[in-house]
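Here's run.txt, which has compact mmCIF, C-alpha atoms:
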# COMPACT_ATOMS: atom_id res chain seq x y z
CA MET A 6 108.26 102.05 124.53
CA PRO A 7 105.66 100.28 126.73
CA THR A 8 103.71 102.63 128.99
CA ALA A 9 104.93 102.30 132.55
CA TYR A 10 102.43 104.89 133.82
CA ASP A 11 98.86 105.81 133.04
CA LEU A 12 99.50 109.40 134.04
CA LEU A 13 102.44 111.75 134.44
CA VAL A 14 101.61 114.92 136.38
CA ILE A 15 103.90 117.95 136.00
CA GLY A 16 103.76 120.98 138.25
CA ASP A 17 103.41 122.30 141.76
CA ALA A 18 103.64 120.50 145.09
CA ASN A 19 103.68 122.18 148.49
CA PRO A 20 102.17 122.05 151.96
CA ASP A 21 98.87 123.86 152.40
CA VAL A 22 98.08 125.44 155.75
CA ILE A 23 94.28 125.72 155.77
CA VAL A 24 92.77 127.96 158.44
CA GLY A 25 89.14 128.89 158.93
CA PRO A 26 86.41 129.60 158.54
CA LEU A 27 86.84 133.28 159.30
CA THR A 28 83.64 134.79 160.69
CA GLU A 29 84.90 138.38 160.55
CA PRO A 30 87.10 140.33 158.14
CA LEU A 31 90.80 139.54 158.41
CA ALA A 32 92.30 141.93 160.97
CA PHE A 33 95.78 143.42 160.97
CA GLY A 34 97.28 145.56 163.75
CA GLN A 35 98.65 142.50 165.58
CA ARG A 36 95.17 141.31 166.50
CA GLU A 37 94.73 137.61 167.09
CA GLN A 38 91.67 135.90 165.64
CA LEU A 39 90.49 132.39 166.39
CA THR A 40 89.09 129.90 163.87
CA ASP A 41 87.48 126.51 164.31
CA THR A 42 90.07 124.52 162.38
CA GLY A 43 93.61 124.54 161.08
CA SER A 44 95.23 121.80 159.00
CA LEU A 45 98.60 121.03 157.41
CA VAL A 46 97.92 119.04 154.23
CA ILE A 47 99.20 118.25 150.74
CA GLY A 48 98.81 121.28 148.49
CA GLY A 49 99.53 122.30 144.93
CA SER A 50 97.09 121.68 142.09
CA ALA A 51 99.37 119.13 140.43
CA ALA A 52 100.06 117.21 143.64
CA ILE A 53 96.39 117.02 144.63
CA MET A 54 95.43 115.89 141.13
CA ALA A 55 98.13 113.18 141.21
CA CYS A 56 96.85 111.87 144.55
CA GLY A 57 93.26 111.82 143.26
CA ALA A 58 94.25 109.88 140.16
CA ALA A 59 96.22 107.34 142.20
CA ARG A 60 93.23 106.95 144.52
CA LEU A 61 91.14 106.11 141.45
CA GLY A 62 93.54 103.32 140.55
CA LEU A 63 95.81 104.93 137.96
CA ARG A 64 99.57 104.34 137.82
CA VAL A 65 100.80 107.87 138.50
CA ALA A 66 104.22 109.53 138.35
CA PHE A 67 104.98 113.09 139.44
CA ALA A 68 107.62 115.47 138.09
CA GLY A 69 108.43 118.79 139.72
CA ARG A 70 110.64 120.51 142.25
CA VAL A 71 110.53 121.17 146.00
CA GLY A 72 113.15 122.31 148.48
CA ASP A 73 115.51 119.93 150.23
CA ASP A 74 113.94 120.93 153.54
CA ASP A 75 111.39 119.61 156.03
CA ALA A 76 108.47 120.81 153.94
CA GLY A 77 109.86 119.21 150.79
CA HIS A 78 110.47 115.89 152.52
CA TYR A 79 106.93 116.02 153.93
CA ILE A 80 105.48 116.47 150.45
CA ARG A 81 107.62 113.72 148.92
CA ASP A 82 106.70 111.26 151.66
CA ALA A 83 103.00 112.19 151.56
CA LEU A 84 102.80 111.70 147.79
CA THR A 85 104.62 108.39 148.01
CA ALA A 86 102.28 107.21 150.76
CA ARG A 87 99.34 107.87 148.43
CA GLY A 88 100.77 105.71 145.68
CA VAL A 89 102.41 108.39 143.53
CA ASP A 90 105.87 107.68 142.09
CA THR A 91 108.11 110.58 143.19
CA HIS A 92 111.43 109.57 141.64
CA ALA A 93 111.24 112.65 139.39
CA LEU A 94 110.44 115.05 142.25
CA THR A 95 113.66 117.06 142.52
CA LEU A 96 114.88 118.20 145.95
CA ASP A 97 116.44 121.64 145.43
CA PRO A 98 119.22 122.44 147.95
CA ASP A 99 119.13 126.18 147.21
CA ARG A 100 115.43 127.10 147.21
CA ALA A 101 112.72 126.57 149.79
CA THR A 102 109.63 124.47 149.22
CA PRO A 103 106.62 126.62 148.25
CA LEU A 104 104.12 127.24 151.02
CA THR A 105 100.45 128.18 150.70
CA VAL A 106 98.15 129.54 153.40
CA VAL A 107 94.45 129.19 152.65
CA LEU A 108 92.02 131.35 154.65
CA THR A 109 88.44 130.14 154.30
CA ARG A 110 85.25 132.16 154.82
CA GLY A 111 81.97 130.52 153.92
CA GLU A 112 82.37 129.02 150.46
CA ASP A 113 85.08 131.51 149.50
CA ARG A 114 88.79 131.52 150.30
CA ALA A 115 91.87 133.71 150.11
CA ILE A 116 95.12 132.06 149.01
CA LEU A 117 98.59 133.32 149.93
CA THR A 118 101.56 131.54 148.34
CA SER A 119 105.29 131.88 148.83
CA PRO A 120 106.66 130.60 145.49
CA GLY A 121 109.98 129.07 146.54
CA THR A 122 110.96 126.45 143.96
CA LEU A 123 108.02 127.32 141.71
CA THR A 124 110.25 129.96 140.11
CA THR A 125 112.99 127.41 139.30
CA THR A 126 110.87 124.45 138.19
CA SER A 127 111.47 123.84 134.49
CA GLY A 128 111.38 121.29 131.72
CA HIS A 129 114.72 119.97 132.94
CA ASP A 130 112.84 118.50 135.91
CA VAL A 131 110.82 116.22 133.62
CA PRO A 132 112.75 113.10 132.53
CA ALA A 133 112.43 112.24 128.86
CA GLY A 134 111.79 108.62 129.81
CA LEU A 135 108.62 109.59 131.68
CA LEU A 136 107.30 111.53 128.70
CA ALA A 137 107.92 108.47 126.54
CA SER A 138 106.36 105.94 128.92
CA SER A 139 103.12 107.61 130.07
CA ARG A 140 99.69 107.29 128.48
CA HIS A 141 98.67 110.80 129.49
CA VAL A 142 100.55 113.93 130.64
CA HIS A 143 98.82 116.56 132.79
CA ALA A 144 100.29 119.97 133.67
CA ALA A 145 98.99 122.31 136.35
CA SER A 146 99.45 125.85 137.69
CA TYR A 147 100.79 127.26 134.44
CA PHE A 148 100.96 130.87 135.62
CA LEU A 149 102.85 130.09 138.85
CA GLN A 150 105.83 128.46 137.12
CA PRO A 151 107.26 130.79 134.45
CA ARG A 152 110.24 128.63 133.45
CA LEU A 153 108.10 125.52 133.20
CA ALA A 154 105.50 127.50 131.23
CA ASP A 155 108.16 128.37 128.64
CA ASP A 156 109.15 124.70 128.32
CA LEU A 157 105.65 123.26 128.38
CA PRO A 158 104.88 123.35 124.63
CA GLU A 159 107.94 121.22 123.87
CA LEU A 160 107.23 118.84 126.76
CA LEU A 161 103.65 118.24 125.62
CA ARG A 162 104.71 117.98 121.99
CA THR A 163 107.23 115.30 122.93
CA ALA A 164 104.65 113.38 124.95
CA ARG A 165 102.21 113.44 122.03
CA ALA A 166 104.92 112.27 119.66
CA HIS A 167 105.20 109.18 121.87
CA GLY A 168 101.44 108.61 121.66
CA ALA A 169 100.32 110.26 124.90
CA THR A 170 97.33 112.54 125.29
CA THR A 171 97.71 115.79 127.24
CA SER A 172 95.77 118.09 129.55
CA LEU A 173 96.22 121.43 131.27
CA ASP A 174 94.72 123.16 134.29
CA THR A 175 96.12 126.69 134.28
CA GLN A 176 94.72 127.69 137.67
CA ASP A 177 94.65 131.42 138.52
CA ASP A 178 97.03 134.06 137.15
CA PRO A 179 98.21 136.14 140.13
CA SER A 180 99.40 138.88 137.76
CA GLY A 181 95.93 139.26 136.27
CA ARG A 182 97.37 139.45 132.73
CA TRP A 183 96.19 136.06 131.41
CA ASP A 184 98.75 136.22 128.59
CA GLY A 185 96.89 134.60 125.71
CA ALA A 186 99.74 134.91 123.22
CA ALA A 187 102.13 132.83 125.30
CA LEU A 188 99.41 130.35 126.17
CA ASP A 189 98.54 129.69 122.52
CA ALA A 190 101.67 127.57 122.05
CA VAL A 191 100.67 125.39 125.02
CA LEU A 192 97.05 125.03 123.94
CA ALA A 193 98.25 123.91 120.51
CA GLU A 194 99.69 120.82 122.24
CA THR A 195 96.79 120.31 124.70
CA ASP A 196 94.03 117.75 124.17
CA ILE A 197 91.94 118.61 127.27
CA LEU A 198 91.67 122.00 129.00
CA LEU A 199 90.31 121.95 132.58
CA PRO A 200 89.62 125.48 133.93
CA ASN A 201 87.03 126.61 136.42
CA ALA A 202 84.34 129.04 135.29
CA ARG A 203 86.25 132.18 136.27
CA GLU A 204 89.46 130.97 134.65
CA ALA A 205 87.60 129.94 131.51
CA ALA A 206 86.17 133.43 131.12
CA HIS A 207 89.64 134.98 131.36
CA LEU A 208 91.23 132.42 129.04
CA ALA A 209 88.49 132.98 126.48
CA GLY A 210 89.15 136.72 126.49
CA GLY A 211 85.84 137.51 128.13
CA ALA A 212 82.55 135.62 127.93
CA ASN A 213 79.03 136.15 129.22
CA SER A 214 78.67 132.64 130.60
CA PRO A 215 80.66 129.47 131.29
CA ALA A 216 78.95 127.87 128.29
CA GLU A 217 80.09 130.67 126.00
CA ALA A 218 83.63 130.47 127.40
CA ALA A 219 83.70 126.71 126.85
CA ALA A 220 82.57 127.12 123.26
CA LEU A 221 85.20 129.77 122.56
CA LEU A 222 87.96 127.67 124.10
CA ALA A 223 86.79 124.54 122.27
CA ALA A 224 87.81 126.30 119.07
CA ARG A 225 91.40 126.22 120.38
CA VAL A 226 91.62 122.76 121.99
CA PRO A 227 89.78 119.51 121.19
CA LEU A 228 87.93 119.28 124.52
CA VAL A 229 87.19 121.76 127.32
CA ALA A 230 85.73 120.79 130.71
CA VAL A 231 84.70 123.69 132.93
CA LYS A 232 84.15 123.37 136.68
CA ASN A 233 81.35 125.56 137.98
CA GLY A 234 81.01 124.80 141.70
CA ALA A 235 77.49 124.23 142.96
CA GLU A 236 76.21 124.73 139.40
CA GLY A 237 77.93 121.50 138.35
CA ALA A 238 80.20 121.29 135.31
CA LEU A 239 80.08 121.44 131.54
CA CYS A 240 82.23 120.47 128.61
CA HIS A 241 82.45 121.28 124.92
CA ASP A 242 84.06 119.30 122.13
CA GLY A 243 83.76 121.99 119.45
CA ARG A 244 80.34 120.74 118.37
CA THR A 245 78.26 119.87 121.42
CA LEU A 246 77.80 121.41 124.87
CA MET A 247 77.39 118.80 127.62
CA ARG A 248 76.42 119.40 131.25
CA ALA A 249 76.61 117.54 134.55
CA GLU A 250 74.70 118.54 137.65
CA SER A 251 76.40 118.99 140.99
CA VAL A 252 76.26 116.18 143.54
CA ALA A 253 74.51 116.72 146.86
CA VAL A 254 77.07 116.50 149.67
CA THR A 255 77.66 118.46 152.85
CA PRO A 256 81.02 120.12 152.16
CA ARG A 257 83.55 120.63 154.92
CA ASP A 258 86.25 122.14 152.70
CA THR A 259 86.28 122.83 148.96
CA VAL A 260 90.07 123.22 148.68
CA GLY A 261 91.33 120.99 145.87
CA ALA A 262 87.88 119.97 144.62
CA GLY A 263 88.74 121.15 141.12
CA ASP A 264 91.93 119.09 141.14
CA SER A 265 89.96 115.99 142.16
CA PHE A 266 87.57 116.78 139.30
CA ASP A 267 90.57 116.85 136.96
CA ALA A 268 91.71 113.45 138.24
CA GLY A 269 88.27 111.99 137.66
CA PHE A 270 87.91 113.40 134.17
CA ILE A 271 91.28 112.04 133.08
CA ALA A 272 90.73 108.67 134.76
CA ALA A 273 87.39 108.20 132.98
CA THR A 274 88.81 109.40 129.67
CA LEU A 275 91.71 106.95 129.89
CA ARG A 276 89.12 104.22 130.38
CA ARG A 277 87.75 105.32 126.99
CA HIS A 278 84.47 106.73 128.25
CA PRO A 279 82.94 109.53 126.19
CA PRO A 280 83.07 113.14 127.42
CA HIS A 281 79.55 113.26 128.86
CA GLU A 282 80.30 110.23 131.04
CA ALA A 283 83.75 111.52 132.01
CA LEU A 284 82.12 114.83 133.00
CA ARG A 285 79.62 113.18 135.31
CA PHE A 286 82.31 110.95 136.84
CA ALA A 287 84.55 113.97 137.42
CA ALA A 288 81.75 116.01 139.01
CA VAL A 289 81.24 113.25 141.57
CA CYS A 290 84.99 113.08 142.27
CA GLY A 291 85.11 116.81 142.93
CA ALA A 292 82.04 116.80 145.16
CA LEU A 293 83.10 113.82 147.28
CA SER A 294 86.53 115.35 147.87
CA THR A 295 84.91 118.16 149.88
CA ARG A 296 83.85 115.82 152.69
CA ALA A 297 87.04 116.46 154.71
CA ARG A 298 89.60 119.19 155.28
CA GLY A 299 92.28 119.58 152.64
CA GLY A 300 92.44 118.44 149.05
CA THR A 301 93.30 114.74 149.47
CA ALA A 302 91.76 113.37 152.70
CA ALA A 303 88.35 112.56 151.17
CA GLN A 304 89.31 111.82 147.57
CA PRO A 305 87.12 108.90 146.48
CA THR A 306 87.96 105.50 145.13
CA ARG A 307 86.46 104.42 141.82
CA ASP A 308 83.93 102.23 143.63
CA GLU A 309 82.80 105.19 145.76
CA VAL A 310 82.26 107.29 142.64
CA LEU A 311 80.31 104.56 140.88
CA ALA A 312 78.06 104.18 143.93
CA HIS A 313 76.91 107.77 143.40
CA LEU A 314 76.17 107.42 139.72
CA SER A 315 73.01 106.33 137.94
CA PRO A 316 73.23 103.31 135.62
CA THR A 317 73.05 105.53 132.52
CA GLY A 318 74.92 108.54 133.83
CA ALA A 319 78.49 107.36 134.10
CA PRO A 320 81.14 104.71 133.49
CA THR A 321 80.32 101.17 134.57
CA SER A 322 83.46 99.38 133.43
What would you get if you wrote out this structure as structure tokens?
Amino acid sequence: MPTAYDLLVIGDANPDVIVGPLTEPLAFGQREQLTDTGSLVIGGSAAIMACGAARLGLRVAFAGRVGDDDAGHYIRDALTARGVDTHALTLDPDRATPLTVVLTRGEDRAILTSPGTLTTTSGHDVPAGLLASSRHVHAASYFLQPRLADDLPELLRTARAHGATTSLDTQDDPSGRWDGAALDAVLAETDILLPNAREAAHLAGGANSPAEAAALLAARVPLVAVKNGAEGALCHDGRTLMRAESVAVTPRDTVGAGDSFDAGFIAATLRRHPPHEALRFAAVCGALSTRARGGTAAQPTRDEVLAHLSPTGAPTS
């Protein structure tokens, strides 16, 4: 079947309410605290990644589940407005749309999520036709969606059988268990793993450094790209460790920067650029996305990314 989409993204979509920065510890006891900013924006690792990829010029479809409520309609309309095909975004009449509140303090943040439809999202929400007609399939927030997690090995296996490549960004595990046994079946069908440094250490079963974690994980998947904040990023293909320095920007909000990194890495890879070039391209995508509040407002175009890259450091075609 001809590929109708460059990228199919499977996973979470919800509004983010971003409040901060807090200058004092969070106070209970019915005390009211004031912050400089508050924003209602597109949230969910999968949704932010999809928007970033569309911004970079990819043909993107999204599959997942939100509530048939005001928040769900907001997310569907916002994704559509950013060029993402939402025909496979199910509106659930019985469950509420997930909602995340992000409290920022300096470069750190606390994240509170009400799961809503995350607990009912499953492989049944992913049309077989999309798996058969997409060049690449990306899944996000593995630990937040238990039913989808169970179905993910078969979904990725089916996509690969149709010639697609696959990627996974697990995000955090709120339970703290980091169940490696269950994850093994997913990693067996994953071409590119995209954790941050903390997640990589947990997924690797403990490591002394991001480089060590990347090397350990590269024994389980063909390619690992690890996001490491101000320290830049690194990737490992099972033989070679590659690094990319961070990009100098004045960040206003780092929410979703890792998801924009994911979008950049996949976009460059689909353009057949080697890992070291995809890594540098992705690092710029992540850095530039921090220029505005929320995960999608400052996501760069391809031309903006290329303007920040040296002639030998990144894709030019």
Shell around Ala205 (chain A) at 7 Å using only C-alpha atoms, local window under 3 positions removed, as a ChimeraX atom specification: /A:200-202,208-209,215,218-219
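Of the residues under consideration (A:Glu282, A:Asp155, A:Asp11, A:Asp75), A:Asp11 shows the shortest atom-to-atom contact distance to Ala55 (chain A) when counting all atoms listed in the file.
Take CA of Pro305 (chain A) and CA of Arg60 (chain A): the distance between them is 6.7 Å.
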Option closest in space to Tyr147 (chain A), from A:Ile271, A:Ala238, A:Ile15, A:Val229 [counting all atoms listed in the file]: A:Ile15
Mind running region 65-108 of chain A against region 45-49 of chain A at 10 Å and telling me each contacting residue's nearest atom pair with the distance in Å (one decimal), counting all atoms listed in the file, chain and number ascending, as CSV?
residue,atom,partner,partner_atom,distance
A:Tyr79,CA,A:Ile47,CA,8.7
A:Ile80,CA,A:Ile47,CA,6.5
A:Arg81,CA,A:Ile47,CA,9.7
A:Ala83,CA,A:Ile47,CA,7.2
A:Leu84,CA,A:Ile47,CA,8.0
A:Pro103,CA,A:Gly49,CA,8.9
A:Leu104,CA,A:Gly48,CA,8.4
A:Thr105,CA,A:Gly48,CA,7.4
A:Val106,CA,A:Leu45,CA,9.4
A:Val107,CA,A:Gly48,CA,9.9
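Closest approach to Arg64 (chain A) from the set A:Thr126, A:Ser251, A:Ala272, A:Gly234 is made by A:Ala272, with distances taken over only C-alpha atoms.
What separates CA of Val254 (chain A) from CA of Pro20 (chain A) is a distance of 25.8 Å.
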Counting all atoms listed in the file, I want the residues whose atoms come within 10 Å of (90.8, 114.5, 151.9) in the file frame, returned as a PDB file with C-alpha atoms, in the frame of the given file.
ATOM      1  CA  VAL A  46      97.920 119.040 154.230  1.00  0.00           C
ATOM      2  CA  ILE A  47      99.200 118.250 150.740  1.00  0.00           C
ATOM      3  CA  ILE A  53      96.390 117.020 144.630  1.00  0.00           C
ATOM      4  CA  CYS A  56      96.850 111.870 144.550  1.00  0.00           C
ATOM      5  CA  GLY A  57      93.260 111.820 143.260  1.00  0.00           C
ATOM      6  CA  ARG A 257      83.550 120.630 154.920  1.00  0.00           C
ATOM      7  CA  ASP A 258      86.250 122.140 152.700  1.00  0.00           C
ATOM      8  CA  THR A 259      86.280 122.830 148.960  1.00  0.00           C
ATOM      9  CA  VAL A 260      90.070 123.220 148.680  1.00  0.00           C
ATOM     10  CA  GLY A 261      91.330 120.990 145.870  1.00  0.00           C
ATOM     11  CA  ALA A 262      87.880 119.970 144.620  1.00  0.00           C
ATOM     12  CA  SER A 265      89.960 115.990 142.160  1.00  0.00           C
ATOM     13  CA  LEU A 293      83.100 113.820 147.280  1.00  0.00           C
ATOM     14  CA  SER A 294      86.530 115.350 147.870  1.00  0.00           C
ATOM     15  CA  THR A 295      84.910 118.160 149.880  1.00  0.00           C
ATOM     16  CA  ARG A 296      83.850 115.820 152.690  1.00  0.00           C
ATOM     17  CA  ALA A 297      87.040 116.460 154.710  1.00  0.00           C
ATOM     18  CA  ARG A 298      89.600 119.190 155.280  1.00  0.00           C
ATOM     19  CA  GLY A 299      92.280 119.580 152.640  1.00  0.00           C
ATOM     20  CA  GLY A 300      92.440 118.440 149.050  1.00  0.00           C
ATOM     21  CA  THR A 301      93.300 114.740 149.470  1.00  0.00           C
ATOM     22  CA  ALA A 302      91.760 113.370 152.700  1.00  0.00           C
ATOM     23  CA  ALA A 303      88.350 112.560 151.170  1.00  0.00           C
ATOM     24  CA  GLN A 304      89.310 111.820 147.570  1.00  0.00           C
ATOM     25  CA  PRO A 305      87.120 108.900 146.480  1.00  0.00           C
TER      26      PRO A 305
END
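Our summary of the geometry notes that CA of Ser119 (chain A) is positioned 11.3 Å from CA of Arg100 (chain A).
Nearest to Thr170 (chain A) of all the residues A:Ala115, A:Val89, A:Val14, A:Val142 is A:Val142, counting all atoms listed in the file.
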Residues near Glu194 (chain A), cut-off 8 Å, all atoms listed in the file, skip fewer than 6 positions along chain, as a short mmCIF file (atom, residue, chain, number, x, y, z; two decimals) with C-alpha atoms, keeping the file's coordinate frame:
data_model
loop_
_atom_site.label_atom_id
_atom_site.label_comp_id
_atom_site.auth_asym_id
_atom_site.auth_seq_id
_atom_site.Cartn_x
_atom_site.Cartn_y
_atom_site.Cartn_z
CA PRO A 158 104.88 123.35 124.63
CA LEU A 161 103.65 118.24 125.62
CA ARG A 162 104.71 117.98 121.99
CA ARG A 165 102.21 113.44 122.03
CA THR A 171 97.71 115.79 127.24
#
Would you mind telling me which residue in A:Ala137, A:Glu250, A:Asp130, A:Ala164 lies nearest to Glu236 (chain A) when using all atoms listed in the file? A:Glu250
